[in-house]
>>> print(open('start22.pdb').read())   # PDB, C-alpha atoms, pLDDT in the B column
ATOM      1  CA  ARG A   1       0.000   0.000   0.000  1.00 49.00           C
ATOM      2  CA  ARG A   2       1.392   3.357  -1.029  1.00 52.00           C
ATOM      3  CA  GLN A   3       1.588   6.112   1.574  1.00 54.00           C
ATOM      4  CA  ARG A   4       0.284   9.567   0.746  1.00 57.00           C
ATOM      5  CA  GLN A   5       2.195  12.632   1.855  1.00 59.00           C
ATOM      6  CA  MET A   6       0.266  15.823   2.578  1.00 61.00           C
ATOM      7  CA  CYS A   7       1.132  19.297   3.748  1.00 58.00           C
ATOM      8  CA  ILE A   8      -0.125  20.590   7.111  1.00 63.00           C
ATOM      9  CA  ARG A   9       1.319  24.100   6.757  1.00 52.00           C
ATOM     10  CA  ASP A  10      -1.963  25.895   7.448  1.00 54.00           C
ATOM     11  CA  ARG A  11      -3.017  23.467  10.147  1.00 86.00           C
ATOM     12  CA  LEU A  12      -0.159  24.001  12.618  1.00 90.00           C
ATOM     13  CA  TYR A  13      -1.114  26.677  15.099  1.00 94.00           C
ATOM     14  CA  PRO A  14      -0.268  28.861  16.853  1.00 95.00           C
ATOM     15  CA  ASN A  15       2.631  29.554  14.557  1.00 94.00           C
ATOM     16  CA  PRO A  16       4.995  30.855  15.872  1.00 96.00           C
ATOM     17  CA  ALA A  17       4.542  28.754  19.026  1.00 97.00           C
ATOM     18  CA  THR A  18       6.047  28.855  22.502  1.00 96.00           C
ATOM     19  CA  ASP A  19       4.688  26.035  24.723  1.00 96.00           C
ATOM     20  CA  TYR A  20       2.438  23.909  22.502  1.00 97.00           C
ATOM     21  CA  VAL A  21       1.212  23.492  18.951  1.00 97.00           C
ATOM     22  CA  ASN A  22      -2.131  22.251  17.641  1.00 96.00           C
ATOM     23  CA  ILE A  23      -2.162  19.963  14.626  1.00 93.00           C
ATOM     24  CA  THR A  24      -5.267  19.448  12.497  1.00 90.00           C
ATOM     25  CA  LEU A  25      -5.244  16.696   9.878  1.00 85.00           C
ATOM     26  CA  SER A  26      -7.982  17.298   7.344  1.00 77.00           C
ATOM     27  CA  GLY A  27     -10.215  14.234   6.998  1.00 71.00           C
ATOM     28  CA  ALA A  28      -8.183  12.148   9.448  1.00 72.00           C
ATOM     29  CA  GLY A  29     -10.801  11.694  12.183  1.00 76.00           C
ATOM     30  CA  SER A  30      -9.932  10.343  15.608  1.00 86.00           C
ATOM     31  CA  GLY A  31      -7.091   7.992  16.477  1.00 91.00           C
ATOM     32  CA  SER A  32      -3.441   8.052  17.412  1.00 95.00           C
ATOM     33  CA  ALA A  33      -0.717   9.689  15.340  1.00 93.00           C
ATOM     34  CA  ASP A  34       3.067   9.618  15.565  1.00 96.00           C
ATOM     35  CA  VAL A  35       4.511  13.145  15.666  1.00 96.00           C
ATOM     36  CA  VAL A  36       8.201  13.903  15.101  1.00 97.00           C
ATOM     37  CA  PHE A  37       9.948  17.294  15.202  1.00 98.00           C
ATOM     38  CA  TYR A  38      13.179  17.795  13.200  1.00 98.00           C
ATOM     39  CA  ASP A  39      15.546  20.747  13.554  1.00 97.00           C
ATOM     40  CA  SER A  40      17.098  22.659  10.647  1.00 96.00           C
ATOM     41  CA  ALA A  41      19.887  20.052  10.397  1.00 97.00           C
ATOM     42  CA  ALA A  42      17.237  17.294   9.956  1.00 97.00           C
ATOM     43  CA  ARG A  43      17.993  15.833  13.396  1.00 98.00           C
ATOM     44  CA  GLN A  44      15.074  14.334  15.307  1.00 98.00           C
ATOM     45  CA  VAL A  45      14.648  16.477  18.424  1.00 98.00           C
ATOM     46  CA  MET A  46      11.249  15.362  19.723  1.00 97.00           C
ATOM     47  CA  LYS A  47       8.960  12.373  19.196  1.00 98.00           C
ATOM     48  CA  THR A  48       5.533  11.806  20.714  1.00 97.00           C
ATOM     49  CA  THR A  49       2.213  10.095  20.111  1.00 96.00           C
ATOM     50  CA  ALA A  50      -0.846  12.334  19.819  1.00 94.00           C
ATOM     51  CA  GLU A  51      -4.508  11.418  20.192  1.00 94.00           C
ATOM     52  CA  LEU A  52      -6.582  13.093  17.508  1.00 92.00           C
ATOM     53  CA  ASP A  53     -10.152  14.081  18.377  1.00 92.00           C
ATOM     54  CA  ALA A  54     -13.121  13.535  16.027  1.00 89.00           C
ATOM     55  CA  SER A  55     -12.147  16.621  14.000  1.00 85.00           C
ATOM     56  CA  GLY A  56      -8.584  15.311  13.491  1.00 86.00           C
ATOM     57  CA  THR A  57      -7.047  17.816  15.905  1.00 91.00           C
ATOM     58  CA  ALA A  58      -4.456  17.188  18.629  1.00 94.00           C
ATOM     59  CA  ARG A  59      -2.527  19.452  20.974  1.00 96.00           C
ATOM     60  CA  ILE A  60       1.197  18.754  21.255  1.00 96.00           C
ATOM     61  CA  ASP A  61       2.583  19.966  24.579  1.00 95.00           C
ATOM     62  CA  GLY A  62       6.212  20.066  25.626  1.00 93.00           C
ATOM     63  CA  ILE A  63       7.760  22.148  22.872  1.00 96.00           C
ATOM     64  CA  SER A  64       8.854  24.803  25.391  1.00 95.00           C
ATOM     65  CA  GLY A  65      12.109  22.864  25.815  1.00 94.00           C
ATOM     66  CA  LEU A  66      13.009  23.198  22.141  1.00 97.00           C
ATOM     67  CA  THR A  67      15.539  25.839  21.112  1.00 97.00           C
ATOM     68  CA  PRO A  68      13.944  28.783  19.258  1.00 97.00           C
ATOM     69  CA  GLY A  69      13.980  28.243  15.502  1.00 97.00           C
ATOM     70  CA  ALA A  70      12.173  26.525  12.638  1.00 97.00           C
ATOM     71  CA  TYR A  71      11.173  22.861  12.910  1.00 97.00           C
ATOM     72  CA  THR A  72       9.807  20.415  10.373  1.00 96.00           C
ATOM     73  CA  VAL A  73       6.903  18.462  11.852  1.00 95.00           C
ATOM     74  CA  SER A  74       6.101  15.011  10.469  1.00 94.00           C
ATOM     75  CA  VAL A  75       2.823  13.362  11.466  1.00 92.00           C
ATOM     76  CA  LYS A  76       2.005   9.762  10.519  1.00 91.00           C
ATOM     77  CA  GLN A  77      -1.575   8.598  10.877  1.00 88.00           C
ATOM     78  CA  GLY A  78      -3.618   5.954   9.104  1.00 81.00           C
ATOM     79  CA  GLY A  79      -1.066   5.229   6.375  1.00 84.00           C
ATOM     80  CA  ASN A  80      -0.649   8.931   5.553  1.00 86.00           C
ATOM     81  CA  THR A  81       2.252  11.251   6.303  1.00 88.00           C
ATOM     82  CA  TYR A  82       1.628  14.954   6.858  1.00 89.00           C
ATOM     83  CA  LYS A  83       4.471  17.489   6.958  1.00 90.00           C
ATOM     84  CA  GLY A  84       4.686  21.126   7.892  1.00 91.00           C
ATOM     85  CA  THR A  85       6.914  23.744   9.485  1.00 94.00           C
ATOM     86  CA  VAL A  86       6.452  25.481  12.823  1.00 96.00           C
ATOM     87  CA  LEU A  87       8.486  28.353  14.221  1.00 97.00           C
ATOM     88  CA  LYS A  88       9.379  27.993  17.918  1.00 97.00           C
ATOM     89  CA  ARG A  89       9.864  31.280  19.789  1.00 96.00           C
TER      90      ARG A  89
END
>>> encode(input="start22.pdb", output="structure tokens")
Amino acid sequence: RRQRQMCIRDRLYPNPATDYVNITLSGAGSGSADVVFYDSAARQVMKTTAELDASGTARIDGISGLTPGAYTVSVKQGGNTYKGTVLKR
């Protein structure tokens, strides 16, 4: 089965973020998702599992410990991979 890759650029908020970020996956529905943050050197700096609500939205806490800068966020859920960028203040 081929995985689809989609952009979540407009569904990462607040952006810039300080303590948390919300992720909304269009059409995903509820369920768990694997969330990974990568720094500008493509190093994995944070990995967590998020529980999406019925609207496909999850809040990711714990980003306050990340160094300020831009991060690529990769979310895998239901055979799909979603990617976007969030700015950490």
>>> resolve_selection(input="start22.pdb", expression="the PyMOL selection byres ((chain A and resi 20-23) around 6)", output="PyMOL selection string")
chain A and resi 11-14+19+24+57-61+63
>>> resolve_selection(input="start22.pdb", expression="the PyMOL selection byres ((chain A and resi 39) around 8)", output="list in words")
Phe37, Tyr38, Ser40, Ala41, Ala42, Arg43, Gln44, Val45, Gly69, Ala70, Tyr71 and Thr72 of chain A
>>> resolve_selection(input="start22.pdb", expression="the PyMOL selection byres ((chain A and resi 77) around 8)", output="short mmCIF file (atom, residue, chain, number, x, y, z; two decimals) with C-alpha atoms, keeping the file's coordinate frame")
data_model
loop_
_atom_site.label_atom_id
_atom_site.label_comp_id
_atom_site.auth_asym_id
_atom_site.auth_seq_id
_atom_site.Cartn_x
_atom_site.Cartn_y
_atom_site.Cartn_z
CA ALA A 28 -8.18 12.15 9.45
CA GLY A 31 -7.09 7.99 16.48
CA SER A 32 -3.44 8.05 17.41
CA ALA A 33 -0.72 9.69 15.34
CA ASP A 34 3.07 9.62 15.56
CA VAL A 75 2.82 13.36 11.47
CA LYS A 76 2.00 9.76 10.52
CA GLY A 78 -3.62 5.95 9.10
CA GLY A 79 -1.07 5.23 6.38
CA ASN A 80 -0.65 8.93 5.55
CA THR A 81 2.25 11.25 6.30
#
>>> atom_distance(input="start22.pdb", atom1="atom CA of Lys88 of chain A", atom2="atom CA of Gly65 of chain A")
9.8 Å
>>> atom_distance(input="start22.pdb", atom1="atom CA of Asn15 of chain A", atom2="atom CA of Ser64 of chain A")
13.4 Å
>>> atom_distance(input="start22.pdb", atom1="atom CA of Ala54 of chain A", atom2="atom CA of Gly84 of chain A")
21.0 Å
>>> axis_aligned_box(input="start22.pdb", around="segment 31-43 of chain A", padding_each_side="8 Å", output="JSON")
{"center_x": 6.4, "center_y": 15.3, "center_z": 13.7, "size_x": 43.0, "size_y": 30.7, "size_z": 23.5}
>>> residues_around(input="start22.pdb", residues="Val35 of chain A", least_positions_apart="3", cutoff="6 Å", atoms="only C-alpha atoms", output="PyMOL selection string")
chain A and resi 47-49+74-75
>>> closest_residue(input="start22.pdb", among="A:Leu25, A:Val36, A:Val86, A:Val73", to="Gly56 of chain A", atoms="only C-alpha atoms")
A:Leu25
>>> build_atoms(input="start22.pdb", residues="segment 58-79 of chain A", atoms="N, CA and C atoms", output="PDB file, in the frame of the given file")
ATOM      1  N   ALA A  58      -5.156  17.579  17.402  1.00 94.00           N
ATOM      2  CA  ALA A  58      -4.456  17.188  18.629  1.00 94.00           C
ATOM      3  C   ALA A  58      -3.582  18.340  19.083  1.00 94.00           C
ATOM      4  N   ARG A  59      -3.418  18.454  20.394  1.00 96.00           N
ATOM      5  CA  ARG A  59      -2.527  19.452  20.974  1.00 96.00           C
ATOM      6  C   ARG A  59      -1.236  18.750  21.377  1.00 96.00           C
ATOM      7  N   ILE A  60      -0.118  19.299  20.930  1.00 96.00           N
ATOM      8  CA  ILE A  60       1.197  18.754  21.255  1.00 96.00           C
ATOM      9  C   ILE A  60       1.839  19.678  22.279  1.00 96.00           C
ATOM     10  N   ASP A  61       1.944  19.204  23.510  1.00 95.00           N
ATOM     11  CA  ASP A  61       2.583  19.966  24.579  1.00 95.00           C
ATOM     12  C   ASP A  61       4.069  19.607  24.640  1.00 95.00           C
ATOM     13  N   GLY A  62       4.819  20.399  25.372  1.00 93.00           N
ATOM     14  CA  GLY A  62       6.212  20.066  25.626  1.00 93.00           C
ATOM     15  C   GLY A  62       7.213  20.656  24.654  1.00 93.00           C
ATOM     16  N   ILE A  63       6.781  21.571  23.798  1.00 96.00           N
ATOM     17  CA  ILE A  63       7.760  22.148  22.872  1.00 96.00           C
ATOM     18  C   ILE A  63       8.519  23.316  23.506  1.00 96.00           C
ATOM     19  N   SER A  64       8.164  23.682  24.734  1.00 95.00           N
ATOM     20  CA  SER A  64       8.854  24.803  25.391  1.00 95.00           C
ATOM     21  C   SER A  64      10.339  24.514  25.587  1.00 95.00           C
ATOM     22  N   GLY A  65      10.711  23.239  25.643  1.00 94.00           N
ATOM     23  CA  GLY A  65      12.109  22.864  25.815  1.00 94.00           C
ATOM     24  C   GLY A  65      12.929  22.913  24.542  1.00 94.00           C
ATOM     25  N   LEU A  66      12.279  23.113  23.406  1.00 97.00           N
ATOM     26  CA  LEU A  66      13.009  23.198  22.141  1.00 97.00           C
ATOM     27  C   LEU A  66      13.671  24.567  22.000  1.00 97.00           C
ATOM     28  N   THR A  67      14.832  24.597  21.383  1.00 97.00           N
ATOM     29  CA  THR A  67      15.539  25.839  21.112  1.00 97.00           C
ATOM     30  C   THR A  67      14.741  26.653  20.091  1.00 97.00           C
ATOM     31  N   PRO A  68      14.649  27.972  20.256  1.00 97.00           N
ATOM     32  CA  PRO A  68      13.944  28.783  19.258  1.00 97.00           C
ATOM     33  C   PRO A  68      14.500  28.557  17.854  1.00 97.00           C
ATOM     34  N   GLY A  69      13.588  28.462  16.890  1.00 97.00           N
ATOM     35  CA  GLY A  69      13.980  28.243  15.502  1.00 97.00           C
ATOM     36  C   GLY A  69      12.866  27.561  14.729  1.00 97.00           C
ATOM     37  N   ALA A  70      13.156  27.186  13.507  1.00 97.00           N
ATOM     38  CA  ALA A  70      12.173  26.525  12.638  1.00 97.00           C
ATOM     39  C   ALA A  70      12.327  25.010  12.746  1.00 97.00           C
ATOM     40  N   TYR A  71      11.197  24.316  12.800  1.00 97.00           N
ATOM     41  CA  TYR A  71      11.173  22.861  12.910  1.00 97.00           C
ATOM     42  C   TYR A  71      10.239  22.275  11.855  1.00 97.00           C
ATOM     43  N   THR A  72      10.671  21.185  11.250  1.00 96.00           N
ATOM     44  CA  THR A  72       9.807  20.415  10.373  1.00 96.00           C
ATOM     45  C   THR A  72       9.051  19.427  11.262  1.00 96.00           C
ATOM     46  N   VAL A  73       7.742  19.366  11.076  1.00 95.00           N
ATOM     47  CA  VAL A  73       6.903  18.462  11.852  1.00 95.00           C
ATOM     48  C   VAL A  73       6.371  17.395  10.902  1.00 95.00           C
ATOM     49  N   SER A  74       6.593  16.136  11.257  1.00 94.00           N
ATOM     50  CA  SER A  74       6.101  15.011  10.469  1.00 94.00           C
ATOM     51  C   SER A  74       5.083  14.255  11.317  1.00 94.00           C
ATOM     52  N   VAL A  75       3.898  14.054  10.756  1.00 92.00           N
ATOM     53  CA  VAL A  75       2.823  13.362  11.466  1.00 92.00           C
ATOM     54  C   VAL A  75       2.390  12.169  10.624  1.00 92.00           C
ATOM     55  N   LYS A  76       2.441  10.971  11.219  1.00 91.00           N
ATOM     56  CA  LYS A  76       2.005   9.762  10.519  1.00 91.00           C
ATOM     57  C   LYS A  76       0.738   9.246  11.188  1.00 91.00           C
ATOM     58  N   GLN A  77      -0.302   9.083  10.364  1.00 88.00           N
ATOM     59  CA  GLN A  77      -1.575   8.598  10.877  1.00 88.00           C
ATOM     60  C   GLN A  77      -2.334   7.891   9.767  1.00 88.00           C
ATOM     61  N   GLY A  78      -2.789   6.683  10.052  1.00 81.00           N
ATOM     62  CA  GLY A  78      -3.618   5.954   9.104  1.00 81.00           C
ATOM     63  C   GLY A  78      -3.002   5.736   7.736  1.00 81.00           C
ATOM     64  N   GLY A  79      -1.709   5.464   7.662  1.00 84.00           N
ATOM     65  CA  GLY A  79      -1.066   5.229   6.375  1.00 84.00           C
ATOM     66  C   GLY A  79      -0.695   6.485   5.617  1.00 84.00           C
TER      67      GLY A  79
END
